[in-house]
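Coordinates from structure16.cif are shown below (mmCIF, C-alpha atoms and all ligand atoms).
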```
data_query
#
loop_
_atom_site.group_PDB
_atom_site.id
_atom_site.type_symbol
_atom_site.label_atom_id
_atom_site.label_comp_id
_atom_site.auth_asym_id
_atom_site.auth_seq_id
_atom_site.Cartn_x
_atom_site.Cartn_y
_atom_site.Cartn_z
ATOM 1 C CA MET A 19 -45.081 126.357 18.977
ATOM 2 C CA LYS A 20 -44.531 130.080 19.527
ATOM 3 C CA CYS A 21 -47.588 132.013 18.404
ATOM 4 C CA GLY A 22 -48.906 135.499 18.934
ATOM 5 C CA ARG A 23 -52.503 135.447 20.131
ATOM 6 C CA ILE A 24 -55.813 133.657 19.952
ATOM 7 C CA SER A 25 -58.246 135.244 17.533
ATOM 8 C CA SER A 26 -61.636 134.492 16.116
ATOM 9 C CA MET A 27 -60.561 133.024 12.824
ATOM 10 C CA LYS A 28 -62.812 132.621 9.797
ATOM 11 C CA ILE A 29 -62.458 129.469 7.704
ATOM 12 C CA ILE A 30 -63.507 130.251 4.137
ATOM 13 C CA LYS A 31 -63.803 127.739 1.296
ATOM 14 C CA ASN A 32 -65.499 129.928 -1.269
ATOM 15 C CA ILE A 33 -63.751 132.555 -3.424
ATOM 16 C CA GLN A 34 -66.624 135.039 -3.532
ATOM 17 C CA GLU A 35 -67.069 134.884 0.240
ATOM 18 C CA LEU A 36 -63.361 135.535 0.729
ATOM 19 C CA LYS A 37 -63.359 138.479 -1.696
ATOM 20 C CA THR A 38 -66.482 139.985 -0.141
ATOM 21 C CA HIS A 39 -65.002 139.625 3.324
ATOM 22 C CA LEU A 40 -61.649 141.150 2.349
ATOM 23 C CA LYS A 41 -63.384 144.062 0.576
ATOM 24 C CA THR A 42 -64.932 145.205 3.855
ATOM 25 C CA LEU A 43 -61.448 145.555 5.341
ATOM 26 C CA ASN A 44 -59.171 148.412 4.453
ATOM 27 C CA ASN A 45 -56.018 146.983 5.967
ATOM 28 C CA THR A 46 -52.624 145.632 5.079
ATOM 29 C CA ILE A 47 -52.971 141.960 4.239
ATOM 30 C CA GLY A 48 -50.185 139.461 4.893
ATOM 31 C CA PHE A 49 -50.616 136.229 2.950
ATOM 32 C CA VAL A 50 -49.017 132.824 3.608
ATOM 33 C CA PRO A 51 -49.790 130.212 0.928
ATOM 34 C CA THR A 52 -49.213 126.597 2.036
ATOM 35 C CA MET A 53 -50.107 123.025 1.186
ATOM 36 C CA GLY A 54 -50.954 122.256 4.815
ATOM 37 C CA ALA A 55 -49.587 119.676 7.276
ATOM 38 C CA LEU A 56 -48.309 122.774 9.052
ATOM 39 C CA HIS A 57 -45.074 122.734 11.035
ATOM 40 C CA GLU A 58 -42.805 125.301 12.702
ATOM 41 C CA GLY A 59 -41.504 126.396 9.277
ATOM 42 C CA HIS A 60 -44.991 127.473 8.235
ATOM 43 C CA ILE A 61 -45.617 128.920 11.702
ATOM 44 C CA SER A 62 -42.563 131.177 11.409
ATOM 45 C CA LEU A 63 -43.987 132.612 8.170
ATOM 46 C CA ILE A 64 -47.382 133.110 9.814
ATOM 47 C CA ASN A 65 -45.779 134.781 12.856
ATOM 48 C CA GLN A 66 -43.822 137.162 10.650
ATOM 49 C CA ALA A 67 -46.979 137.982 8.674
ATOM 50 C CA ARG A 68 -48.810 138.542 11.970
ATOM 51 C CA THR A 69 -46.277 141.111 13.191
ATOM 52 C CA GLU A 70 -46.101 142.990 9.866
ATOM 53 C CA ASN A 71 -49.774 143.197 8.800
ATOM 54 C CA GLU A 72 -53.194 144.063 10.154
ATOM 55 C CA ILE A 73 -54.885 141.058 8.515
ATOM 56 C CA VAL A 74 -53.297 137.623 8.049
ATOM 57 C CA VAL A 75 -54.621 135.195 5.451
ATOM 58 C CA VAL A 76 -53.281 131.629 5.231
ATOM 59 C CA SER A 77 -54.261 129.287 2.414
ATOM 60 C CA ILE A 78 -54.130 125.515 2.450
ATOM 61 C CA PHE A 79 -54.387 123.915 -0.956
ATOM 62 C CA VAL A 80 -52.537 120.879 -2.262
ATOM 63 C CA ASN A 81 -52.061 122.045 -5.808
ATOM 64 C CA PRO A 82 -52.321 119.203 -8.335
ATOM 65 C CA THR A 83 -50.649 121.046 -11.228
ATOM 66 C CA GLN A 84 -47.289 121.259 -9.474
ATOM 67 C CA PHE A 85 -47.054 117.488 -8.939
ATOM 68 C CA LEU A 86 -45.708 115.259 -11.690
ATOM 69 C CA ALA A 87 -47.174 111.851 -12.511
ATOM 70 C CA GLY A 88 -45.909 109.328 -9.965
ATOM 71 C CA GLU A 89 -45.235 111.936 -7.269
ATOM 72 C CA ASP A 90 -46.980 112.002 -3.891
ATOM 73 C CA PHE A 91 -50.026 114.157 -4.746
ATOM 74 C CA GLU A 92 -52.499 111.427 -3.732
ATOM 75 C CA LYS A 93 -50.825 110.738 -0.404
ATOM 76 C CA TYR A 94 -49.623 114.243 0.484
ATOM 77 C CA PRO A 95 -50.164 114.559 4.265
ATOM 78 C CA SER A 96 -53.459 116.208 5.157
ATOM 79 C CA LYS A 97 -54.151 117.490 8.671
ATOM 80 C CA ASP A 98 -56.978 119.962 8.242
ATOM 81 C CA LEU A 99 -58.213 119.889 11.818
ATOM 82 C CA ALA A 100 -54.771 120.298 13.426
ATOM 83 C CA ASP A 101 -53.854 122.934 10.820
ATOM 84 C CA SER A 102 -56.898 125.053 11.541
ATOM 85 C CA LYS A 103 -56.172 124.850 15.289
ATOM 86 C CA ILE A 104 -52.566 125.966 14.658
ATOM 87 C CA CYS A 105 -53.746 128.885 12.519
ATOM 88 C CA GLU A 106 -56.255 129.931 15.158
ATOM 89 C CA LEU A 107 -53.600 129.838 17.890
ATOM 90 C CA CYS A 108 -51.256 131.886 15.700
ATOM 91 C CA GLY A 109 -53.802 134.674 15.309
ATOM 92 C CA VAL A 110 -54.648 134.048 11.658
ATOM 93 C CA ASP A 111 -57.697 136.057 10.603
ATOM 94 C CA ILE A 112 -58.740 134.037 7.574
ATOM 95 C CA LEU A 113 -57.906 130.457 6.647
ATOM 96 C CA PHE A 114 -58.719 129.891 2.991
ATOM 97 C CA MET A 115 -59.221 126.202 2.160
ATOM 98 C CA PRO A 116 -60.605 125.927 -1.358
ATOM 99 C CA ASN A 117 -61.259 122.663 -3.118
ATOM 100 C CA ILE A 118 -59.852 121.715 -6.482
ATOM 101 C CA ASN A 119 -63.036 122.420 -8.469
ATOM 102 C CA ILE A 120 -63.207 126.054 -7.491
ATOM 103 C CA MET A 121 -59.514 126.656 -8.179
ATOM 104 C CA TYR A 122 -59.342 125.016 -11.629
ATOM 105 C CA GLY A 123 -61.631 124.785 -14.640
ATOM 106 C CA GLU A 124 -61.444 122.934 -17.946
ATOM 107 C CA ASP A 125 -58.868 123.821 -20.617
ATOM 108 C CA GLU A 126 -57.320 126.706 -18.720
ATOM 109 C CA ILE A 127 -54.918 129.447 -19.715
ATOM 110 C CA THR A 128 -51.632 128.344 -18.180
ATOM 111 C CA ILE A 129 -48.526 130.077 -16.943
ATOM 112 C CA LYS A 130 -45.212 129.199 -18.507
ATOM 113 C CA ALA A 131 -42.312 129.537 -16.089
ATOM 114 C CA PRO A 132 -39.128 130.980 -17.659
ATOM 115 C CA ASN A 133 -37.248 128.568 -19.910
ATOM 116 C CA THR A 134 -33.842 128.741 -18.287
ATOM 117 C CA LYS A 135 -34.339 129.316 -14.601
ATOM 118 C CA SER A 136 -37.215 126.889 -14.173
ATOM 119 C CA TYR A 137 -35.663 123.964 -16.034
ATOM 120 C CA ILE A 138 -32.501 123.655 -13.945
ATOM 121 C CA LEU A 139 -32.110 121.999 -10.512
ATOM 122 C CA GLU A 140 -35.665 121.402 -9.185
ATOM 123 C CA GLY A 141 -37.051 122.127 -12.645
ATOM 124 C CA LEU A 142 -34.730 119.592 -14.270
ATOM 125 C CA MET A 143 -35.802 116.897 -11.813
ATOM 126 C CA ARG A 144 -39.444 117.985 -11.925
ATOM 127 C CA PRO A 145 -40.083 119.455 -15.402
ATOM 128 C CA SER A 146 -43.174 121.726 -15.491
ATOM 129 C CA HIS A 147 -43.349 121.767 -11.672
ATOM 130 C CA PHE A 148 -42.786 125.522 -11.618
ATOM 131 C CA ASP A 149 -45.472 126.151 -14.263
ATOM 132 C CA GLY A 150 -47.929 124.683 -11.762
ATOM 133 C CA VAL A 151 -46.444 126.593 -8.836
ATOM 134 C CA LEU A 152 -46.670 129.957 -10.609
ATOM 135 C CA GLN A 153 -50.177 129.150 -11.874
ATOM 136 C CA ILE A 154 -51.542 128.553 -8.399
ATOM 137 C CA VAL A 155 -49.613 131.387 -6.739
ATOM 138 C CA LEU A 156 -50.907 133.854 -9.337
ATOM 139 C CA LYS A 157 -54.481 132.611 -8.828
ATOM 140 C CA LEU A 158 -54.128 132.948 -5.050
ATOM 141 C CA PHE A 159 -52.550 136.417 -5.357
ATOM 142 C CA ASN A 160 -55.470 137.547 -7.532
ATOM 143 C CA ILE A 161 -58.014 136.224 -5.047
ATOM 144 C CA VAL A 162 -56.371 137.499 -1.846
ATOM 145 C CA GLN A 163 -54.664 140.630 -3.269
ATOM 146 C CA PRO A 164 -52.187 140.761 -0.396
ATOM 147 C CA THR A 165 -49.921 143.641 0.527
ATOM 148 C CA ASN A 166 -47.156 141.232 1.552
ATOM 149 C CA ALA A 167 -46.764 137.534 0.700
ATOM 150 C CA TYR A 168 -44.457 135.271 2.716
ATOM 151 C CA PHE A 169 -42.317 132.464 1.280
ATOM 152 C CA GLY A 170 -39.584 130.292 2.804
ATOM 153 C CA LYS A 171 -35.962 130.270 1.633
ATOM 154 C CA LYS A 172 -36.254 126.484 2.001
ATOM 155 C CA ASP A 173 -37.788 126.498 -1.496
ATOM 156 C CA ALA A 174 -35.178 128.888 -2.821
ATOM 157 C CA GLN A 175 -35.781 128.366 -6.535
ATOM 158 C CA GLN A 176 -39.544 128.711 -6.059
ATOM 159 C CA LEU A 177 -38.984 131.938 -4.119
ATOM 160 C CA SER A 178 -36.756 133.323 -6.865
ATOM 161 C CA LEU A 179 -39.293 132.450 -9.592
ATOM 162 C CA ILE A 180 -42.145 134.019 -7.648
ATOM 163 C CA GLN A 181 -40.061 137.175 -7.243
ATOM 164 C CA GLN A 182 -39.485 137.113 -11.002
ATOM 165 C CA MET A 183 -43.208 136.628 -11.717
ATOM 166 C CA VAL A 184 -44.073 139.604 -9.514
ATOM 167 C CA SER A 185 -41.491 141.679 -11.350
ATOM 168 C CA ASN A 186 -42.295 140.483 -14.911
ATOM 169 C CA LEU A 187 -46.085 140.797 -14.489
ATOM 170 C CA PHE A 188 -45.886 144.040 -12.450
ATOM 171 C CA LEU A 189 -47.878 142.570 -9.568
ATOM 172 C CA PRO A 190 -48.380 145.089 -6.733
ATOM 173 C CA ILE A 191 -47.243 142.680 -4.001
ATOM 174 C CA ASN A 192 -44.163 142.605 -1.756
ATOM 175 C CA ILE A 193 -42.539 139.201 -1.550
ATOM 176 C CA ILE A 194 -41.025 138.600 1.884
ATOM 177 C CA GLN A 195 -38.404 135.874 2.135
ATOM 178 C CA CYS A 196 -38.258 133.959 5.414
ATOM 179 C CA GLU A 197 -35.446 131.972 7.022
ATOM 180 C CA ILE A 198 -35.314 128.163 6.971
ATOM 181 C CA ILE A 199 -36.550 126.570 10.190
ATOM 182 C CA ARG A 200 -34.851 123.326 11.283
ATOM 183 C CA ASP A 201 -35.545 120.758 13.974
ATOM 184 C CA GLU A 202 -33.217 120.413 16.977
ATOM 185 C CA ASP A 203 -30.968 118.076 14.944
ATOM 186 C CA GLY A 204 -30.696 120.506 12.041
ATOM 187 C CA LEU A 205 -33.033 118.782 9.583
ATOM 188 C CA ALA A 206 -34.951 121.412 7.615
ATOM 189 C CA LEU A 207 -38.623 121.067 8.506
ATOM 190 C CA SER A 208 -40.836 119.744 5.741
ATOM 191 C CA SER A 209 -44.313 118.231 5.617
ATOM 192 C CA ARG A 210 -42.626 115.271 3.884
ATOM 193 C CA ASN A 211 -40.410 114.542 6.942
ATOM 194 C CA THR A 212 -43.358 112.560 8.315
ATOM 195 C CA TYR A 213 -42.598 109.918 5.651
ATOM 196 C CA LEU A 214 -39.138 109.224 7.171
ATOM 197 C CA SER A 215 -38.427 106.169 9.329
ATOM 198 C CA LYS A 216 -35.987 106.526 12.246
ATOM 199 C CA ASP A 217 -33.133 105.162 10.129
ATOM 200 C CA GLU A 218 -33.995 107.412 7.218
ATOM 201 C CA LYS A 219 -34.094 110.445 9.506
ATOM 202 C CA GLU A 220 -30.526 109.583 10.661
ATOM 203 C CA LYS A 221 -29.401 109.407 7.046
ATOM 204 C CA ALA A 222 -31.201 112.645 6.211
ATOM 205 C CA LEU A 223 -29.142 114.480 8.828
ATOM 206 C CA ASN A 224 -26.181 114.172 6.464
ATOM 207 C CA ILE A 225 -27.844 116.802 4.294
ATOM 208 C CA VAL A 226 -27.382 119.582 6.829
ATOM 209 C CA LYS A 227 -23.988 118.142 7.758
ATOM 210 C CA SER A 228 -22.864 118.497 4.131
ATOM 211 C CA LEU A 229 -24.108 122.081 4.000
ATOM 212 C CA ARG A 230 -22.281 122.907 7.223
ATOM 213 C CA VAL A 231 -19.023 121.379 5.971
ATOM 214 C CA ALA A 232 -19.384 123.378 2.759
ATOM 215 C CA THR A 233 -19.876 126.559 4.786
ATOM 216 C CA GLN A 234 -16.778 125.809 6.868
ATOM 217 C CA LEU A 235 -14.702 125.269 3.724
ATOM 218 C CA ILE A 236 -15.893 128.590 2.361
ATOM 219 C CA MET A 237 -15.143 130.333 5.667
ATOM 220 C CA LYS A 238 -11.601 128.970 5.407
ATOM 221 C CA GLY A 239 -11.310 130.619 2.002
ATOM 222 C CA ASN A 240 -12.072 127.705 -0.345
ATOM 223 C CA LEU A 241 -14.328 129.146 -3.046
ATOM 224 C CA ASN A 242 -13.824 126.348 -5.584
ATOM 225 C CA ILE A 243 -17.264 124.989 -6.463
ATOM 226 C CA GLU A 244 -16.180 121.541 -7.724
ATOM 227 C CA ASN A 245 -13.986 121.059 -4.685
ATOM 228 C CA ILE A 246 -16.805 121.937 -2.278
ATOM 229 C CA LYS A 247 -19.270 119.690 -4.136
ATOM 230 C CA ASP A 248 -16.798 116.762 -3.919
ATOM 231 C CA GLU A 249 -16.529 117.197 -0.137
ATOM 232 C CA MET A 250 -20.323 117.285 0.130
ATOM 233 C CA LYS A 251 -20.681 114.142 -2.009
ATOM 234 C CA GLN A 252 -18.405 112.297 0.414
ATOM 235 C CA ILE A 253 -20.758 113.099 3.275
ATOM 236 C CA LEU A 254 -23.827 112.139 1.245
ATOM 237 C CA GLN A 255 -22.387 108.916 -0.130
ATOM 238 C CA ASN A 256 -25.026 106.613 1.348
ATOM 239 C CA ILE A 257 -27.918 108.712 0.058
ATOM 240 C CA GLU A 258 -29.207 108.959 -3.523
ATOM 241 C CA ILE A 259 -28.140 112.439 -4.633
ATOM 242 C CA GLU A 260 -30.347 114.158 -7.223
ATOM 243 C CA TYR A 261 -28.209 117.265 -7.364
ATOM 244 C CA ILE A 262 -25.703 119.315 -5.422
ATOM 245 C CA GLU A 263 -25.136 122.738 -6.912
ATOM 246 C CA ILE A 264 -23.846 126.184 -6.092
ATOM 247 C CA VAL A 265 -25.431 129.053 -8.018
ATOM 248 C CA SER A 266 -25.888 132.779 -7.614
ATOM 249 C CA ARG A 267 -28.860 133.998 -5.611
ATOM 250 C CA SER A 268 -30.622 134.698 -8.899
ATOM 251 C CA PHE A 269 -29.950 131.115 -10.002
ATOM 252 C CA THR A 270 -27.313 131.880 -12.600
ATOM 253 C CA LYS A 271 -24.050 129.998 -13.060
ATOM 254 C CA ILE A 272 -21.052 131.346 -11.145
ATOM 255 C CA GLU A 273 -17.376 130.534 -11.643
ATOM 256 C CA GLN A 274 -16.653 130.360 -7.925
ATOM 257 C CA VAL A 275 -18.498 130.937 -4.667
ATOM 258 C CA GLU A 276 -19.416 134.602 -4.313
ATOM 259 C CA ILE A 277 -19.822 135.650 -0.699
ATOM 260 C CA LYS A 278 -23.262 137.208 -0.101
ATOM 261 C CA ASN A 279 -24.428 136.116 -3.565
ATOM 262 C CA SER A 280 -24.437 132.296 -3.540
ATOM 263 C CA ILE A 281 -26.765 129.465 -2.612
ATOM 264 C CA ILE A 282 -25.666 125.879 -2.059
ATOM 265 C CA LEU A 283 -28.541 123.557 -2.918
ATOM 266 C CA VAL A 284 -29.020 119.858 -2.269
ATOM 267 C CA ALA A 285 -31.772 117.482 -3.403
ATOM 268 C CA VAL A 286 -31.684 113.854 -2.330
ATOM 269 C CA LYS A 287 -33.871 110.816 -2.014
ATOM 270 C CA VAL A 288 -33.845 109.035 1.310
ATOM 271 C CA GLY A 289 -35.751 105.817 0.728
ATOM 272 C CA ASN A 290 -38.778 106.969 -1.221
ATOM 273 C CA THR A 291 -38.764 110.451 0.263
ATOM 274 C CA ARG A 292 -37.444 113.380 -1.723
ATOM 275 C CA LEU A 293 -35.844 116.100 0.424
ATOM 276 C CA ILE A 294 -34.374 119.476 -0.494
ATOM 277 C CA ASP A 295 -32.293 121.880 1.536
ATOM 278 C CA ASN A 296 -29.976 124.815 0.963
ATOM 279 C CA ILE A 297 -27.833 127.430 2.593
ATOM 280 C CA TRP A 298 -27.364 131.036 1.523
ATOM 281 C CA ILE A 299 -23.745 132.122 1.499
HETATM 282 P P1 LIG B 1 -45.488 124.119 1.508
HETATM 283 O O1 LIG B 1 -46.651 123.887 2.411
HETATM 284 O O2 LIG B 1 -44.452 123.037 1.567
HETATM 285 O O3 LIG B 1 -45.910 124.487 0.092
HETATM 286 O O4 LIG B 1 -44.750 125.407 2.066
HETATM 287 C C1 LIG B 1 -45.425 126.628 2.236
HETATM 288 C C2 LIG B 1 -44.411 127.705 2.515
HETATM 289 O O5 LIG B 1 -43.683 127.371 3.695
HETATM 290 C C3 LIG B 1 -43.359 127.860 1.396
HETATM 291 O O6 LIG B 1 -43.112 129.243 1.209
HETATM 292 C C4 LIG B 1 -42.168 127.149 1.950
HETATM 293 O O7 LIG B 1 -40.936 127.621 1.447
HETATM 294 C C5 LIG B 1 -42.299 127.460 3.439
HETATM 295 N N1 LIG B 1 -41.564 126.481 4.224
HETATM 296 C C6 LIG B 1 -41.664 125.126 4.172
HETATM 297 N N2 LIG B 1 -40.783 124.557 5.025
HETATM 298 C C7 LIG B 1 -40.097 125.578 5.618
HETATM 299 C C8 LIG B 1 -39.054 125.639 6.578
HETATM 300 N N3 LIG B 1 -38.513 124.547 7.108
HETATM 301 N N4 LIG B 1 -38.611 126.851 6.954
HETATM 302 C C9 LIG B 1 -39.152 127.985 6.419
HETATM 303 N N5 LIG B 1 -40.127 127.987 5.510
HETATM 304 C C10 LIG B 1 -40.607 126.804 5.111
#
```
Could you spell out this file's structure in structure tokens?
Amino acid sequence: MKCGRISSMKIIKNIQELKTHLKTLNNTIGFVPTMGALHEGHISLINQARTENEIVVVSIFVNPTQFLAGEDFEKYPSKDLADSKICELCGVDILFMPNINIMYGEDEITIKAPNTKSYILEGLMRPSHFDGVLQIVLKLFNIVQPTNAYFGKKDAQQLSLIQQMVSNLFLPINIIQCEIIRDEDGLALSSRNTYLSKDEKEKALNIVKSLRVATQLIMKGNLNIENIKDEMKQILQNIEIEYIEIVSRSFTKIEQVEIKNSIILVAVKVGNTRLIDNIWI
């Protein structure tokens, strides 16, 4: 773990206390929203926020409205003690850990993610997932009112939709996109990797292998999307593929790979664990 400094961090669970505390500070605020079970991916976002802002706020909240029935909301990994230690070591100023009752009320106004972009790929597999994501991110933005908010390219479609929300709703916040952090074998870090057995982890490594093969094909001049997807499917043949797709960086359909404007996305199930990964071309 590479972190900046040790600070005296405040853990806040109450919205009013957080707002009152932030009001006394007249500084740039960098905000990193998470669902906890922190790993090096989250830490890289926190480190970037630390170097670019005077105050760093991290939130940990497992947001129920972005989980569909039957998904892992109930058993989502929770490591509050370790997470708060990590945040402290990384020089976080405020760790916001609200509970569900203060974040949601009865019969709420909801956010409707855009019809097209949020019902393809992740949104096709998890309909209404992005409504819940945008709902909670907007709530957190309104509470924290950050200067800069940090999101990982790992969740590329989420990142794109948050950028769209900021633009469509004229929110005065800069969205900073951060690189995907992988383990030494290349597997993109995810809180859900803890669900994987040793065998499943081996299988999961084919995800990054397929993305690397796709990149090599493109570097050799093959821009044919169907052709690249077929090669990737070969590599992923002993995994349940949910989707393999190549779209523009704004998640629109493209006729062929466009260098500096494409993302190759993969979603698979390894055993019971759903994993996503992507590479920006
Ligand atoms: P989560 O806790 O899964 O909601 O993730 C919180 C933030 O961390 C999101 O912006 C994710 O995109 C980002 N993130 C998760 N995994 C990674 C990773 N391996 N590399 C970079 N960012 C990540």
Mind giving me the axis-aligned box for ligand LIG 1 (chain B) with 4 Å on every side, centre plus edges in Å to one decimal, as JSON?
```
{"center_x": -42.6, "center_y": 126.1, "center_z": 3.6, "size_x": 16.1, "size_y": 14.2, "size_z": 15.0}
```
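Among the candidates A:Ile138, A:Ala285, A:Leu179, A:Met121, the one nearest to A:Lys31 when counting only C-alpha atoms is A:Met121.
Proximity ranking of A:Lys171, A:Lys271, A:Lys41, A:Lys216 relative to ligand LIG 1 (chain B) places A:Lys171 first, based on only C-alpha atoms and all ligand atoms.
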Inset, instruction - Name the residues in contact with A:Ile294 at a cut-off of 8 Å, using all atoms listed in the file, excluding same-chain residues fewer than 2 positions from it; report them as a ChimeraX atom specification. - result: /A:172-173,283-286,292,296
Legend entry - Shortest interatomic distance to A:Gly289 - which of A:Gln181, A:Thr46, A:Asn256, A:Gln274, counting only C-alpha atoms: A:Asn256
Legend entry - Protein and nucleic acid residues within 9 Å of ligand LIG 1 (chain B) (only C-alpha atoms and all ligand atoms) as a VMD selection string: chain A and resid 50 to 63 78 to 81 168 to 174 176 to 177 195 to 201 205 to 210 295
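One distance worth recording is that between atom CA of A:Phe269 and atom CA of A:Ala167, which is 20.9 Å.
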Inset, instruction - Name the residues captured by the PyMOL selection byres (((chain A and resi 112) around 8) and not hetatm) when it is applied to the shown file; answer as an MDAnalysis selection string. - result: chainID A and resid 27:30 74:76 110:111 113:114
Inset, instruction - Please write as a list in words the full residue list that the PyMOL selection byres (((chain A and resi 119) around 12) and not hetatm) yields on this file. - result: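 Taken over the shown coordinates, the PyMOL selection byres (((chain A and resi 119) around 12) and not hetatm) returns Lys31, Asn32, Ile33, Phe79, Asn81, Pro82, Met115, Pro116, Asn117, Ile118, Ile120, Met121, Tyr122, Gly123 and Glu124 of chain A.
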Inset, instruction - Using atom CA of A:Gln34 and atom CA of A:Gln163 as the two end points, give the distance in Å to one decimal. - result: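 Between atom CA of A:Gln34 and atom CA of A:Gln163 the gap is 13.2 Å.
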Inset, instruction - Considering all atoms listed in the file, state which residue in the set A:Glu202, A:Glu220, A:Asp98, A:Asp125 is at the smallest distance from A:Ser77. - result: A:Asp98
Legend entry - Surrounding residues of A:Ile154 excluding itself and chain neighbours under 3 positions, 9 Å, all atoms listed in the file, as a PyMOL selection string: chain A and resi 81+83-84+121+149-151+157-159
Inset, instruction - Please provide as a VMD selection string all residues within 9 Å of A:Ile277, with the sequence filter that same-chain residues fewer than 5 positions apart are discarded (counting all atoms listed in the file). - result: chain A and resid 236 241 299
Legend entry - Counting all atoms listed in the file, the residue of A:Ser178, A:Asn240, A:Ser185, A:Thr291 that sits nearest A:Ala222: A:Thr291
Inset, instruction - State, in Å with one decimal place, the distance from atom CA of A:Glu249 to atom CA of A:Leu229. - result: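 Straight-line distance from atom CA of A:Glu249 to atom CA of A:Leu229 works out to 9.9 Å.
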Inset, instruction - Any chance you could resolve the PyMOL selection byres (((chain A and resi 131) around 8) and not hetatm) against this file and give the residues as a list in words? - result: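 With the shown file as input, the PyMOL selection byres (((chain A and resi 131) around 8) and not hetatm) matches Ile129, Lys130, Pro132, Asn133, Ser136, Ser146, Phe148, Asp149, Leu152 and Leu179 of chain A.
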Legend entry - Residue with smallest distance to A:Leu189 - pool A:Gly48, A:Pro145, A:Pro164, A:Gly239, counting all atoms listed in the file: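 Smallest distance to A:Leu189 is found for A:Pro164.
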